[in-house]
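Take a look at the structure set out below.
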Amino acid sequence: MPEWETLLWIFFGIVMTAVVVGGAGAMGYMRKENRHYSAEEKRWPALAQAGQPADGVVRNVRMHPNNMTRGGSSGQTVRALVLDVDYTDSAGVVHAASIPTFVEDALVPQFLEPGKAVHLRYDLGNPALVAIDRERTPLEIPRAR
């Protein structure tokens, strides 16, 4: 095999290794971010049963720095947002919470309204565990069946 061909194969091997390592790193990053924004959705079923209801006010909305989206429960596009909310617990204590979650694209403008009211559920033993009450403040538009 000529020397130039050997060098070409070595270069090809280096490039492909970089592509595989970079792809694996990107997949790991995307999975980590998805888990972070899905945690509130996974917390919701438990808080729907045992959580305390609270009314909150959105102070600020932050979109994911890379504008992350994914498919929703019915195939629509949902966007990663962090909702900074203030709410009052049953004892009258005001709490601030940052809630990373996914919101359907069509509903995002509603959350951008200044002072938007949102309905929450929180853990009475740990008021920092908060989820958006999906029955009263939907994050996705129900699809016709």
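Simple scheme: letters A, B, ... for chains in structure tokens order, numbers from 1 for residues in each chain, numbers from 1 for ligands in the order shown.
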Requested in this report: Based on DSSP run over this structure's backbone, return all residues of chain A in helix (DSSP H, G or I), as a ChimeraX atom specification.
Outcome: /A:3-50,105-111
Could you turn the residues from that selection into a file that holds C-alpha atoms, as a short mmCIF file (atom, residue, chain, number, x, y, z; two decimals), in the first residue's frame?
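Writing the result to selection_34.cif gives the following:
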data_model
loop_
_atom_site.label_atom_id
_atom_site.label_comp_id
_atom_site.auth_asym_id
_atom_site.auth_seq_id
_atom_site.Cartn_x
_atom_site.Cartn_y
_atom_site.Cartn_z
CA GLU A 3 2.37 5.82 1.86
CA TRP A 4 -0.25 8.40 0.83
CA GLU A 5 -2.98 5.76 1.08
CA THR A 6 -1.88 4.80 4.60
CA LEU A 7 -1.96 8.46 5.61
CA LEU A 8 -5.41 8.82 4.08
CA TRP A 9 -6.71 5.86 6.13
CA ILE A 10 -5.16 7.27 9.31
CA PHE A 11 -6.79 10.66 8.63
CA PHE A 12 -10.12 8.94 7.93
CA GLY A 13 -9.83 6.99 11.22
CA ILE A 14 -9.13 10.17 13.21
CA VAL A 15 -12.06 12.02 11.61
CA MET A 16 -14.48 9.13 12.19
CA THR A 17 -13.36 8.77 15.81
CA ALA A 18 -14.04 12.48 16.34
CA VAL A 19 -17.48 12.12 14.73
CA VAL A 20 -18.42 9.15 16.91
CA VAL A 21 -17.15 10.76 20.13
CA GLY A 22 -18.85 14.06 19.27
CA GLY A 23 -22.12 12.29 18.43
CA ALA A 24 -22.06 10.33 21.68
CA GLY A 25 -21.40 13.54 23.62
CA ALA A 26 -24.27 15.32 21.87
CA MET A 27 -26.65 12.44 22.61
CA GLY A 28 -25.63 12.46 26.28
CA TYR A 29 -26.19 16.21 26.50
CA MET A 30 -29.62 15.97 24.86
CA ARG A 31 -30.71 13.14 27.16
CA LYS A 32 -29.56 15.07 30.25
CA GLU A 33 -31.42 18.21 29.17
CA ASN A 34 -34.56 16.24 28.32
CA ARG A 35 -34.54 14.61 31.79
CA HIS A 36 -34.11 18.03 33.41
CA TYR A 37 -37.15 19.50 31.62
CA SER A 38 -39.23 16.30 31.99
CA ALA A 39 -38.76 16.03 35.78
CA GLU A 40 -41.73 18.33 36.52
CA GLU A 41 -43.99 16.26 34.26
CA LYS A 42 -42.96 13.09 36.11
CA ARG A 43 -43.60 14.79 39.47
CA TRP A 44 -47.13 15.81 38.43
CA PRO A 45 -49.00 12.48 38.94
CA ALA A 46 -47.91 12.18 42.59
CA LEU A 47 -48.67 15.83 43.33
CA ALA A 48 -52.03 15.58 41.53
CA GLN A 49 -53.06 13.00 44.15
CA ALA A 50 -51.39 14.27 47.33
CA ASP A 105 -45.75 25.96 20.93
CA ALA A 106 -49.30 27.29 20.54
CA LEU A 107 -49.54 27.96 24.31
CA VAL A 108 -46.13 29.60 24.80
CA PRO A 109 -47.47 33.16 24.13
CA GLN A 110 -49.96 32.80 27.00
CA PHE A 111 -47.12 32.23 29.45
#
Report task. Skip A:Ala128 itself and residues of its chain fewer than 4 positions away, then list as a ChimeraX atom specification all residues within 12 Å of it, counting only C-alpha atoms. Result -> /A:40,43,51,85-89,94-99,120-124
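The gap separating atom CA of A:Arg62 from atom CA of A:Val82 is 5.0 Å, in Å to one decimal.
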Query raised in the report: Out of chain A, which residues get strand (DSSP E) from DSSP, as number ranges by chain?
Result: A: 52-63, 69-71, 77-88, 94-104, 117-122, 130-132
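For A:Met68, the non-local neighbours within 7 Å, defined as residues at least 3 positions apart in the same chain or in other chains and counting only C-alpha atoms, are His64, Arg79 and Ala80 of chain A.
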Report as a CSV table (one decimal) with C-alpha atoms, in the first residue's frame all protein, DNA and RNA residues lying within 12 Å of A:Ile141, evaluated on only C-alpha atoms, omitting residues in the same chain fewer than 6 positions from it.
chain,number,residue,atom,x,y,z
A,72,GLY,CA,-45.5,16.2,22.6
A,73,SER,CA,-47.9,13.5,23.7
A,74,SER,CA,-50.0,13.8,20.6
A,75,GLY,CA,-47.3,14.5,18.1
A,76,GLN,CA,-47.3,18.3,18.4
A,77,THR,CA,-44.2,20.3,19.1
A,78,VAL,CA,-43.5,21.3,22.7
A,103,VAL,CA,-45.1,23.8,26.8
A,104,GLU,CA,-46.8,23.3,23.5
A,105,ASP,CA,-45.7,26.0,20.9
A,106,ALA,CA,-49.3,27.3,20.5
A,107,LEU,CA,-49.5,28.0,24.3
A,108,VAL,CA,-46.1,29.6,24.8
A,134,ARG,CA,-52.3,20.4,34.2
A,135,GLU,CA,-56.0,20.1,34.8
Query raised in the report: Mind pulling up the distance from atom CA of A:Leu112 to atom CA of A:Asn126?
Result: 27.6 Å
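In this comparison, which uses only C-alpha atoms, the residue of A:Asn60, A:Asn66, A:Thr101, A:Gln52 approaching A:Gly115 most closely is A:Asn60.
Atom pair atom CA of A:Leu139 / atom CA of A:Val93 has a distance of 26.1 Å (rounded to one decimal).
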